[in-house]
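Student: Sharing coords-v5.cif here; it has mmCIF, N, CA and C atoms.
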```cif
data_entry
#
loop_
_atom_site.label_atom_id
_atom_site.label_comp_id
_atom_site.auth_asym_id
_atom_site.auth_seq_id
_atom_site.Cartn_x
_atom_site.Cartn_y
_atom_site.Cartn_z
N MET A 1 -13.03 -28.76 2.10
CA MET A 1 -13.59 -27.44 2.32
C MET A 1 -13.17 -26.52 1.18
N GLU A 2 -14.13 -25.83 0.63
CA GLU A 2 -13.87 -24.95 -0.51
C GLU A 2 -13.34 -23.59 -0.04
N SER A 3 -12.42 -23.05 -0.78
CA SER A 3 -11.83 -21.76 -0.45
C SER A 3 -12.82 -20.62 -0.69
N SER A 4 -12.67 -19.55 0.08
CA SER A 4 -13.48 -18.33 -0.11
C SER A 4 -13.07 -17.60 -1.38
N PHE A 5 -11.90 -17.90 -1.89
CA PHE A 5 -11.35 -17.17 -3.03
C PHE A 5 -11.57 -17.96 -4.31
N GLN A 6 -12.55 -17.53 -5.07
CA GLN A 6 -12.91 -18.18 -6.33
C GLN A 6 -12.37 -17.35 -7.49
N ASP A 7 -12.08 -17.99 -8.59
CA ASP A 7 -11.60 -17.31 -9.80
C ASP A 7 -10.42 -16.39 -9.49
N PRO A 8 -9.30 -16.95 -9.01
CA PRO A 8 -8.14 -16.12 -8.66
C PRO A 8 -7.58 -15.35 -9.86
N VAL A 9 -7.12 -14.14 -9.57
CA VAL A 9 -6.54 -13.28 -10.59
C VAL A 9 -5.13 -12.90 -10.13
N PRO A 10 -4.09 -13.40 -10.82
CA PRO A 10 -2.73 -13.07 -10.39
C PRO A 10 -2.40 -11.61 -10.64
N PRO A 11 -1.66 -10.98 -9.72
CA PRO A 11 -1.27 -9.58 -9.92
C PRO A 11 -0.24 -9.42 -11.03
N TYR A 12 0.61 -10.43 -11.22
CA TYR A 12 1.64 -10.42 -12.25
C TYR A 12 1.75 -11.81 -12.86
N GLU A 13 2.14 -11.87 -14.10
CA GLU A 13 2.34 -13.15 -14.76
C GLU A 13 3.40 -13.96 -14.01
N GLY A 14 3.11 -15.22 -13.78
CA GLY A 14 4.06 -16.10 -13.12
C GLY A 14 3.92 -16.17 -11.61
N TRP A 15 3.19 -15.24 -10.99
CA TRP A 15 3.00 -15.28 -9.55
C TRP A 15 2.06 -16.43 -9.21
N ILE A 16 2.27 -17.03 -8.05
CA ILE A 16 1.43 -18.14 -7.63
C ILE A 16 0.74 -17.83 -6.30
N PRO A 17 -0.45 -18.42 -6.10
CA PRO A 17 -1.19 -18.15 -4.86
C PRO A 17 -0.99 -19.24 -3.82
N ARG A 18 -1.18 -18.85 -2.58
CA ARG A 18 -1.24 -19.79 -1.46
C ARG A 18 -2.39 -19.32 -0.57
N ILE A 19 -3.10 -20.26 -0.01
CA ILE A 19 -4.16 -19.96 0.94
C ILE A 19 -3.61 -20.22 2.34
N TYR A 20 -3.77 -19.26 3.23
CA TYR A 20 -3.34 -19.39 4.62
C TYR A 20 -4.57 -19.35 5.51
N ARG A 21 -4.70 -20.33 6.36
CA ARG A 21 -5.82 -20.40 7.31
C ARG A 21 -5.38 -19.70 8.60
N LEU A 22 -6.22 -18.80 9.07
CA LEU A 22 -5.94 -18.04 10.28
C LEU A 22 -6.68 -18.64 11.47
N SER A 23 -6.26 -18.27 12.66
CA SER A 23 -6.89 -18.81 13.87
C SER A 23 -8.24 -18.17 14.17
N ARG A 24 -8.54 -17.06 13.49
CA ARG A 24 -9.81 -16.37 13.69
C ARG A 24 -10.16 -15.62 12.41
N PRO A 25 -11.41 -15.19 12.29
CA PRO A 25 -11.82 -14.45 11.09
C PRO A 25 -11.09 -13.10 10.95
N VAL A 26 -10.86 -12.70 9.73
CA VAL A 26 -10.22 -11.41 9.44
C VAL A 26 -11.17 -10.28 9.84
N SER A 27 -10.61 -9.27 10.50
CA SER A 27 -11.40 -8.11 10.92
C SER A 27 -10.88 -6.85 10.22
N GLU A 28 -11.62 -5.76 10.35
CA GLU A 28 -11.15 -4.48 9.79
C GLU A 28 -9.85 -4.06 10.45
N ARG A 29 -9.70 -4.36 11.71
CA ARG A 29 -8.45 -4.04 12.43
C ARG A 29 -7.26 -4.77 11.80
N ASP A 30 -7.48 -6.03 11.41
CA ASP A 30 -6.43 -6.81 10.75
C ASP A 30 -6.04 -6.16 9.42
N ILE A 31 -7.05 -5.71 8.69
CA ILE A 31 -6.79 -5.06 7.40
C ILE A 31 -5.88 -3.86 7.60
N HIS A 32 -6.18 -3.04 8.60
CA HIS A 32 -5.34 -1.86 8.87
C HIS A 32 -3.94 -2.25 9.31
N ALA A 33 -3.81 -3.34 10.07
CA ALA A 33 -2.49 -3.80 10.51
C ALA A 33 -1.66 -4.27 9.31
N LEU A 34 -2.29 -4.97 8.37
CA LEU A 34 -1.57 -5.46 7.19
C LEU A 34 -1.29 -4.34 6.19
N LEU A 35 -2.16 -3.36 6.16
CA LEU A 35 -2.08 -2.32 5.13
C LEU A 35 -0.84 -1.45 5.26
N GLY A 36 -0.53 -1.00 6.46
CA GLY A 36 0.61 -0.09 6.61
C GLY A 36 0.39 1.16 5.79
N ASN A 37 1.37 1.54 4.98
CA ASN A 37 1.29 2.75 4.15
C ASN A 37 0.87 2.46 2.71
N GLU A 38 0.51 1.22 2.43
CA GLU A 38 0.13 0.86 1.06
C GLU A 38 -1.32 1.25 0.79
N GLU A 39 -1.66 1.26 -0.50
CA GLU A 39 -3.04 1.55 -0.89
C GLU A 39 -3.86 0.27 -0.85
N LEU A 40 -5.14 0.44 -0.56
CA LEU A 40 -6.06 -0.67 -0.49
C LEU A 40 -6.93 -0.67 -1.74
N TYR A 41 -7.12 -1.83 -2.33
CA TYR A 41 -7.98 -2.00 -3.49
C TYR A 41 -9.05 -3.03 -3.12
N THR A 42 -10.17 -2.99 -3.80
CA THR A 42 -11.21 -3.98 -3.55
C THR A 42 -11.71 -4.56 -4.87
N ARG A 43 -12.24 -5.77 -4.77
CA ARG A 43 -12.85 -6.43 -5.92
C ARG A 43 -14.10 -7.15 -5.38
N ASP A 44 -15.24 -6.91 -6.00
CA ASP A 44 -16.47 -7.60 -5.61
C ASP A 44 -16.50 -8.96 -6.29
N THR A 45 -16.74 -10.00 -5.49
CA THR A 45 -16.80 -11.37 -6.00
C THR A 45 -18.04 -12.05 -5.41
N PRO A 46 -18.40 -13.22 -5.94
CA PRO A 46 -19.53 -13.95 -5.36
C PRO A 46 -19.32 -14.31 -3.88
N SER A 47 -18.07 -14.41 -3.44
CA SER A 47 -17.77 -14.75 -2.05
C SER A 47 -17.80 -13.52 -1.14
N GLY A 48 -17.90 -12.35 -1.70
CA GLY A 48 -17.88 -11.11 -0.93
C GLY A 48 -16.84 -10.16 -1.49
N GLN A 49 -16.70 -9.05 -0.81
CA GLN A 49 -15.73 -8.05 -1.26
C GLN A 49 -14.32 -8.49 -0.84
N VAL A 50 -13.45 -8.65 -1.83
CA VAL A 50 -12.06 -9.02 -1.57
C VAL A 50 -11.25 -7.73 -1.41
N ILE A 51 -10.56 -7.65 -0.30
CA ILE A 51 -9.68 -6.50 -0.04
C ILE A 51 -8.28 -6.92 -0.46
N ILE A 52 -7.66 -6.09 -1.29
CA ILE A 52 -6.37 -6.42 -1.88
C ILE A 52 -5.32 -5.43 -1.37
N ILE A 53 -4.25 -5.99 -0.80
CA ILE A 53 -3.15 -5.19 -0.27
C ILE A 53 -1.89 -5.63 -0.98
N HIS A 54 -1.28 -4.70 -1.71
CA HIS A 54 -0.05 -4.99 -2.45
C HIS A 54 1.13 -4.51 -1.61
N LYS A 55 2.03 -5.41 -1.26
CA LYS A 55 3.15 -5.09 -0.37
C LYS A 55 4.47 -5.04 -1.12
N TYR A 56 4.86 -3.85 -1.53
CA TYR A 56 6.20 -3.57 -2.06
C TYR A 56 6.65 -4.49 -3.19
N GLY A 57 5.75 -4.99 -3.99
CA GLY A 57 6.13 -5.87 -5.08
C GLY A 57 6.56 -7.26 -4.65
N LEU A 58 6.44 -7.56 -3.35
CA LEU A 58 6.80 -8.88 -2.84
C LEU A 58 5.59 -9.79 -2.70
N LEU A 59 4.49 -9.21 -2.24
CA LEU A 59 3.29 -9.99 -1.95
C LEU A 59 2.06 -9.21 -2.37
N GLU A 60 1.01 -9.93 -2.67
CA GLU A 60 -0.30 -9.33 -2.77
C GLU A 60 -1.20 -10.18 -1.89
N ILE A 61 -1.81 -9.54 -0.91
CA ILE A 61 -2.63 -10.23 0.09
C ILE A 61 -4.10 -9.94 -0.21
N HIS A 62 -4.90 -11.00 -0.32
CA HIS A 62 -6.33 -10.87 -0.55
C HIS A 62 -7.05 -11.33 0.71
N CYS A 63 -7.94 -10.49 1.23
CA CYS A 63 -8.67 -10.78 2.46
C CYS A 63 -10.16 -10.55 2.24
N ILE A 64 -10.96 -11.31 2.93
CA ILE A 64 -12.40 -11.09 3.00
C ILE A 64 -12.74 -10.96 4.48
N ILE A 65 -13.28 -9.82 4.88
CA ILE A 65 -13.62 -9.63 6.29
C ILE A 65 -14.62 -10.71 6.69
N GLY A 66 -14.31 -11.38 7.81
CA GLY A 66 -15.16 -12.45 8.31
C GLY A 66 -14.69 -13.84 7.90
N SER A 67 -13.76 -13.92 6.94
CA SER A 67 -13.22 -15.21 6.50
C SER A 67 -12.03 -15.58 7.37
N GLN A 68 -11.80 -16.87 7.58
CA GLN A 68 -10.65 -17.31 8.37
C GLN A 68 -9.46 -17.67 7.50
N GLU A 69 -9.50 -17.24 6.25
CA GLU A 69 -8.35 -17.50 5.39
C GLU A 69 -8.02 -16.26 4.57
N ILE A 70 -6.76 -16.20 4.16
CA ILE A 70 -6.32 -15.15 3.25
C ILE A 70 -5.64 -15.83 2.07
N GLU A 71 -5.66 -15.16 0.95
CA GLU A 71 -4.98 -15.64 -0.25
C GLU A 71 -3.77 -14.73 -0.45
N VAL A 72 -2.62 -15.33 -0.61
CA VAL A 72 -1.39 -14.55 -0.77
C VAL A 72 -0.74 -14.95 -2.09
N TRP A 73 -0.47 -13.97 -2.94
CA TRP A 73 0.23 -14.17 -4.22
C TRP A 73 1.67 -13.72 -4.05
N TYR A 74 2.59 -14.46 -4.65
CA TYR A 74 4.00 -14.09 -4.57
C TYR A 74 4.75 -14.59 -5.81
N ASP A 75 5.90 -14.00 -6.02
CA ASP A 75 6.79 -14.39 -7.11
C ASP A 75 7.61 -15.59 -6.62
N PRO A 76 7.51 -16.74 -7.28
CA PRO A 76 8.25 -17.91 -6.81
C PRO A 76 9.77 -17.70 -6.79
N ALA A 77 10.27 -16.79 -7.59
CA ALA A 77 11.71 -16.51 -7.59
C ALA A 77 12.15 -15.81 -6.30
N LYS A 78 11.20 -15.20 -5.59
CA LYS A 78 11.51 -14.50 -4.34
C LYS A 78 10.80 -15.17 -3.15
N GLU A 79 10.52 -16.46 -3.28
CA GLU A 79 9.71 -17.17 -2.29
C GLU A 79 10.28 -17.09 -0.88
N SER A 80 11.56 -17.27 -0.71
CA SER A 80 12.16 -17.28 0.62
C SER A 80 11.98 -15.92 1.31
N TYR A 81 12.35 -14.87 0.62
CA TYR A 81 12.23 -13.52 1.19
C TYR A 81 10.77 -13.17 1.44
N SER A 82 9.90 -13.50 0.49
CA SER A 82 8.47 -13.21 0.63
C SER A 82 7.87 -13.96 1.80
N SER A 83 8.29 -15.19 2.00
CA SER A 83 7.79 -16.01 3.10
C SER A 83 8.16 -15.41 4.45
N GLU A 84 9.39 -14.95 4.60
CA GLU A 84 9.83 -14.32 5.85
C GLU A 84 9.04 -13.05 6.11
N TYR A 85 8.83 -12.26 5.07
CA TYR A 85 8.08 -11.02 5.21
C TYR A 85 6.63 -11.31 5.59
N LEU A 86 6.02 -12.31 4.97
CA LEU A 86 4.65 -12.68 5.30
C LEU A 86 4.55 -13.15 6.74
N ASP A 87 5.49 -13.96 7.20
CA ASP A 87 5.49 -14.42 8.59
C ASP A 87 5.48 -13.23 9.55
N ALA A 88 6.29 -12.23 9.26
CA ALA A 88 6.34 -11.04 10.11
C ALA A 88 5.01 -10.29 10.08
N LEU A 89 4.41 -10.18 8.91
CA LEU A 89 3.11 -9.51 8.79
C LEU A 89 2.03 -10.25 9.56
N LEU A 90 1.99 -11.58 9.42
CA LEU A 90 0.97 -12.37 10.09
C LEU A 90 1.13 -12.33 11.60
N ALA A 91 2.35 -12.14 12.08
CA ALA A 91 2.59 -12.03 13.52
C ALA A 91 1.89 -10.80 14.10
N THR A 92 1.65 -9.79 13.27
CA THR A 92 0.96 -8.59 13.77
C THR A 92 -0.51 -8.86 14.01
N LEU A 93 -1.04 -9.97 13.50
CA LEU A 93 -2.45 -10.29 13.65
C LEU A 93 -2.74 -11.10 14.93
N SER A 94 -1.71 -11.52 15.62
CA SER A 94 -1.90 -12.36 16.82
C SER A 94 -2.52 -11.58 17.95
#
```
Could you express the structure from this file as structure tokens?
Tutor:
Amino acid sequence: MESSFQDPVPPYEGWIPRIYRLSRPVSERDIHALLGNEELYTRDTPSGQVIIIHKYGLLEIHCIIGSQEIEVWYDPAKESYSSEYLDALLATLS
């Protein structure tokens, strides 16, 4: 199965992406839950509008409303901390 995220663009040099499959499609409500107090950015792609949420320099989350997956970029040097933070964020989507 091909990912919804084509032509990935890293937020910082050296950051790596991971695709996470969700139990249901991403909704606008999910975007607001993940966003918190951060700014939202968008990028138009052939797969649709990618919503980009940058979380405190730890993660950058890419979402497409209606897709059952998200793309998460992180610094491999902070993988453990970033992973714990992402787990907590994803728990808000349940």
Student: May I have a table of the residues of segment 62-94 of chain A lying at most 9 Å from segment 28-45 of chain A, giving each one's closest pair of atoms and their distance in Å to one decimal, counting only C-alpha atoms, ordered by chain and ascending residue number, as JSON lines?
Tutor:
```
{"residue": "A:His62", "atom": "CA", "partner": "A:Thr42", "partner_atom": "CA", "distance": 9.0}
{"residue": "A:Cys63", "atom": "CA", "partner": "A:Ile31", "partner_atom": "CA", "distance": 7.8}
{"residue": "A:Ile65", "atom": "CA", "partner": "A:Glu28", "partner_atom": "CA", "distance": 6.7}
{"residue": "A:Leu89", "atom": "CA", "partner": "A:Leu34", "partner_atom": "CA", "distance": 6.4}
{"residue": "A:Leu90", "atom": "CA", "partner": "A:Leu34", "partner_atom": "CA", "distance": 7.9}
{"residue": "A:Thr92", "atom": "CA", "partner": "A:Ala33", "partner_atom": "CA", "distance": 6.7}
{"residue": "A:Leu93", "atom": "CA", "partner": "A:Asp30", "partner_atom": "CA", "distance": 6.0}
```
Student: Which is closest to Ser3 of chain A among A:Ser47, A:Ser82, A:Asp87, A:Pro25, if we use only N, CA and C atoms?
Tutor: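 Smallest distance to Ser3 of chain A is found for A:Ser47.
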Student: My list of candidates is A:Ala77, A:Glu84, A:Glu71, A:Lys55. Which is closest to Pro17 of chain A when distances are computed with only C-alpha atoms?
Tutor: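 Comparing A:Ala77, A:Glu84, A:Glu71, A:Lys55 against Pro17 of chain A, the winner is A:Glu71.
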Student: For the atom pair atom CA of Val26 of chain A and atom CA of Gln68 of chain A, what is the interatomic distance in Å to one decimal place?
Tutor: 6.0 Å
Student: Compute the distance from (3.4, -18.0, -8.0) to each atom, counting only C-alpha atoms, keep the residues with any atom at most 10 Å away, and return them as a ChimeraX atom specification; use the coordinates of the file.
Tutor: /A:10-18,72-79
Student: Report, in Å with one decimal, the straight-line distance from atom CA of Tyr85 of chain A to atom CA of Ile53 of chain A.
Tutor: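 Between atom CA of Tyr85 of chain A and atom CA of Ile53 of chain A the gap is 13.8 Å.
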Student: Can you pull out every residue from segment 16-91 of chain A that DSSP, working from the backbone, puts in helix (DSSP H, G or I), and format the result as number ranges by chain?
Tutor: A: 28-35, 76-91
Student: So the first atom is atom C of Ala91 of chain A and the second is atom N of Ile70 of chain A; what is the distance between them in Å, to one decimal place?
Tutor: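 Rounded to one decimal, the two atoms are 14.2 Å apart.
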Student: Pick the closest to Pro8 of chain A from A:Ser27, A:Ile61, A:Leu22, A:Ser83: which is it, counting only C-alpha atoms?
Tutor: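 Closest to Pro8 of chain A of all the choices is A:Ile61.
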Student: Would you mind writing down, as a PyMOL selection string, each residue of segment 32-87 of chain A that DSSP on the backbone assigns to strand (DSSP E or B)?
Tutor: chain A and resi 40-45+48-55+59-63+69-74
Student: With only C-alpha atoms as the basis for distance, which of A:Tyr81, A:Ile51, A:Ala88, A:Leu58 is at the shortest distance from Phe5 of chain A?
Tutor: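 Looking only at the distances to Phe5 of chain A, the closest residue turns out to be A:Ile51.
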